[in-house]
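J.: Below is one structure. I have some questions about it.
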Amino acid sequence: MSILGWIILIVVVAAVLIALAAWFYERATHEVSLVRTGIGGRKVVIDGGTLAVPWFHEISRVNMQTIRMEVSRTADSALITKDRMRIDVGAEFYASVIPEEAAIVRAAQTLGRRTFQPDQLETLIDGMMVDALRAVAAQMTMDELHENRGGFAREVQASLTGTLAKYGLQLDSVSLTTFDQTPFSSLDENNAFNAVGMRKLAEVIAQSKKERAEIEGESQVSVRRAEVEANRRKLEIELEQRRAEIQQTQEIETLLAQQLTEVARRKAAAERAAAEARIEMEGAIQSASLTREQAIREAEITQARALEIAEQERTILIAAKSQEESQAKADATEARAAVVRAEEGITTLREVAEAERRKTLALMAAEQEAEAQARRIEITSKSDQVQAKARDAIRREEAETLRILQQAEADGEAARITAENQRSPELLAFETEKARLAALPQIVAEMVKPAEKIKGISINHVTGLGRGERGEGASSPVEHTVDAILDMAVALPTMKKLGDAVGVSLEGLIPEDKPKS
């Protein structure tokens with residue numbers, strides 16, 4: 001053969017060998033490990049690969065993934081705890097093959113294909129898992145299991161570690177998925193364990209019901225007490241609010257009455273000042289007029305006297321020339337008599353002027369009294385209007401208060417009594433002031449009745465005697481007149497009694513009113 005033939009043969013043989021090697025080569029993965037037996041002995045392949053020639057080698061595959069197995073024990077098969085209580089438990093076990101050659105070989109020998117079939121594997125080791133659960137549960141009470149689930153799972157895992165290692169398995173974790181006390185209906189009363197557990201459970205349930213009933217009763221009492229307290233506080237707040245509203249209304253009405261009274265007082269003062277100014281002005285004009293007329297009359301009298309004296313002197317001179325000395329004396333005597341008659345005429349004129357002045361002053365006093373009476377009537381009318389408004393407001397408030405009290409009576413007699421007894425001192429003072437204002441016009445009318453019999457008033461204003469002066473300044477003649485009338489009206493009954501006691505009748509000094517025809 002030539003060299004080319006040998007090269008071709010070698011290439012063909014190499015290709016055949018490579019194809020055969022690829023055909024018989026087995027690879028391991030992360031999920032599956034290999035165990036080869038046959039020519040060359042046992043070989044474990046965790047990562048990598050190996051040649052497995054048919055008829056000469058046997059390959060066993062082992063699943064390296066975690067396998068989930070679930071165990072549930074309820075009703076008659078429930079776990080029994082240390083305190084003889086039955087509990088329904090559900091647990092999940094997560095196991096896998098230990099990644100070691102000896103463990104893989106052991107798993108391949110004991111489990112075989114079951115590592116790829118979780119149901120068959122669970123059936124194989126189910127008894128081991130249940131036994132571990134029962135063994136650990138028997139060492140703990142139900143409360144301890146409930147309060148220490150993690151410790152329970154760790155103890156179960158520790159108790160299974162050695163057993164599963166014989167099968168090449170390791171327990172990755174244990175999870176307690178369900179945990180509850182087994183119902184009474186699922187228990188057999190003839191079972192000794194169940195009898196003890198049911199007795200304890202009945203005691204626990206009875207005690208729990210008793211405590212719950214006590215707690216519920218206390219809770220209901222507390223809730224009811226809180227409701228009563230809340231209602232009481234609500235009523236107190238409503239009462240305080242209503243009381244504040246009533247007090248505010250009273251203050252508003254009082255301020256309004258005070259304002260109206262102040263306005264009336266200022267208006268009366270202004271009118272009185274205007275009247276006083278007008279009276280003073282008219283008095284000054286009248287006084288000036290009287291002074292002027294008196295001066296004119298005195299001048300006329302003086303002039304007439306001078307003319308008469310001159311005439312008499314001329315007559316005397318003529319008589320002296322025509323008559324004798326005796327006749328002259330007689331004429332002189334007659335002249336003096338004429339002078340006396342002239343002086344008496346002057347006196348008569350003076351008295352007439354004085355009478356006219358008194359008449360004028362009496363008319364002015366009468367007008368002043370009429371104006372004062374009109375102002376008093378106007379002030380009394382305004383006061384009556386203010387009092388009427390105040391009485392209307394008080395009636396409205398009393399009606400509203402009565403409605404509130406009646407509503408409070410529906411809630412309880414005690415609340416009504418409390419509301420009636422808590423009338424403020426300000427309200428009592430306001431009612432007293434209202435009664436006083438209502439009686440004031442009658443009192444003033446009774447005081448003024450004696451002054452109605454006064455026929456005329458002569459005003460003689462004398463100042464500087466120190467009587468009746470006030471700290472803020474001297475008062476006007478009109479104020480003196482009004483004060484004198486009021487003083488006389490008050491003192492007249494007493495003066496009548498004193499006159500009767502000493503035997504002097506004052507009835508004649510005051511003319512009686514005559515009926516008009």
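Lettering and numbering for the structure tokens are positional, with chains as A, B, ... in the shown order, residues counted from 1 in each chain, and ligands counted from 1 in the shown order.
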What's the 6 Å shell around stretch 84-91 of chain A, counting only C-alpha atoms, without same-chain residues fewer than 2 positions away, as a list in words?
T.: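 Contacts, in chain order: Glu70, Val71, Ser72, Arg73, Thr74, Ala78, Leu79, Ile80, Thr81, Lys82, Ser175, Leu176, Thr177, Thr178, Phe179, Asp180, Gln181, Thr182, Phe193 and Gly197 of chain A.
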J.: Using the selection just defined, write its residues with N, CA and C atoms as a compact mmCIF listing (two decimals), in the first residue's frame.
T.:
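Just written: selection.txt:
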# COMPACT_ATOMS: atom_id res chain seq x y z
N GLU A 70 -44.85 15.75 51.10
CA GLU A 70 -45.82 16.33 52.02
C GLU A 70 -46.42 15.24 52.90
N VAL A 71 -46.55 15.56 54.19
CA VAL A 71 -47.12 14.64 55.17
C VAL A 71 -48.25 15.37 55.89
N SER A 72 -49.42 14.74 56.02
CA SER A 72 -50.56 15.33 56.71
C SER A 72 -51.16 14.30 57.65
N ARG A 73 -51.38 14.72 58.91
CA ARG A 73 -51.96 13.82 59.91
C ARG A 73 -53.11 14.56 60.60
N THR A 74 -54.34 14.05 60.39
CA THR A 74 -55.53 14.68 60.96
C THR A 74 -56.44 13.61 61.53
N ALA A 78 -54.13 12.00 63.94
CA ALA A 78 -53.47 13.23 64.38
C ALA A 78 -52.39 12.92 65.40
N LEU A 79 -51.46 13.85 65.54
CA LEU A 79 -50.36 13.68 66.49
C LEU A 79 -50.86 13.86 67.92
N ILE A 80 -50.22 13.16 68.85
CA ILE A 80 -50.54 13.26 70.28
C ILE A 80 -49.40 14.00 70.96
N THR A 81 -49.73 15.07 71.65
CA THR A 81 -48.70 15.88 72.30
C THR A 81 -48.41 15.36 73.71
N LYS A 82 -47.52 16.03 74.36
CA LYS A 82 -47.11 15.62 75.71
C LYS A 82 -48.28 15.72 76.69
N SER A 175 -40.92 22.22 56.85
CA SER A 175 -41.85 23.35 57.02
C SER A 175 -43.16 22.83 57.60
N LEU A 176 -43.62 23.49 58.69
CA LEU A 176 -44.89 23.15 59.32
C LEU A 176 -45.97 24.03 58.67
N THR A 177 -46.73 23.45 57.75
CA THR A 177 -47.68 24.24 56.96
C THR A 177 -49.03 24.41 57.66
N THR A 178 -49.50 23.40 58.38
CA THR A 178 -50.77 23.50 59.10
C THR A 178 -50.57 23.02 60.53
N PHE A 179 -51.31 23.67 61.43
CA PHE A 179 -51.22 23.30 62.85
C PHE A 179 -52.51 23.75 63.53
N ASP A 180 -53.28 22.79 64.06
CA ASP A 180 -54.53 23.14 64.72
C ASP A 180 -54.94 22.00 65.64
N GLN A 181 -55.77 22.34 66.60
CA GLN A 181 -56.27 21.32 67.52
C GLN A 181 -57.34 20.50 66.82
N THR A 182 -57.31 19.20 67.03
CA THR A 182 -58.25 18.30 66.38
C THR A 182 -59.65 18.52 66.93
N PHE A 193 -56.07 8.23 75.48
CA PHE A 193 -55.40 9.49 75.16
C PHE A 193 -56.43 10.59 74.87
N GLY A 197 -57.15 14.14 76.88
CA GLY A 197 -57.05 15.38 76.11
C GLY A 197 -58.37 16.13 76.05
J.: Give me the residues near A:Glu282 as a PyMOL selection string, where near means some atom within 12 Å (using only C-alpha atoms) and where sequence neighbours in that chain fewer than 6 positions away do not count.
T.: chain A and resi 274-276+288-290+360-361+364-365+367-368
J.: Mind pulling up the distance from atom CA of A:Ala132 to atom CA of A:Val204?
T.: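 Separation of atom CA of A:Val204 and atom CA of A:Ala132: 28.1 Å.
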J.: Quick one: of A:Val223, A:Ala108, A:Met281, A:Ala15, who's nearest to A:Asn63, counting only C-alpha atoms?
T.: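 Checking each candidate against A:Asn63, we get A:Ala108 as the closest.
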J.: Excluding A:Lys43 and residues on its chain fewer than 5 positions from it, collect all residues at most 9 Å away from it, counting only C-alpha atoms, and give them as an MDAnalysis selection string.
T.: chainID A and resid 34:37 50 101
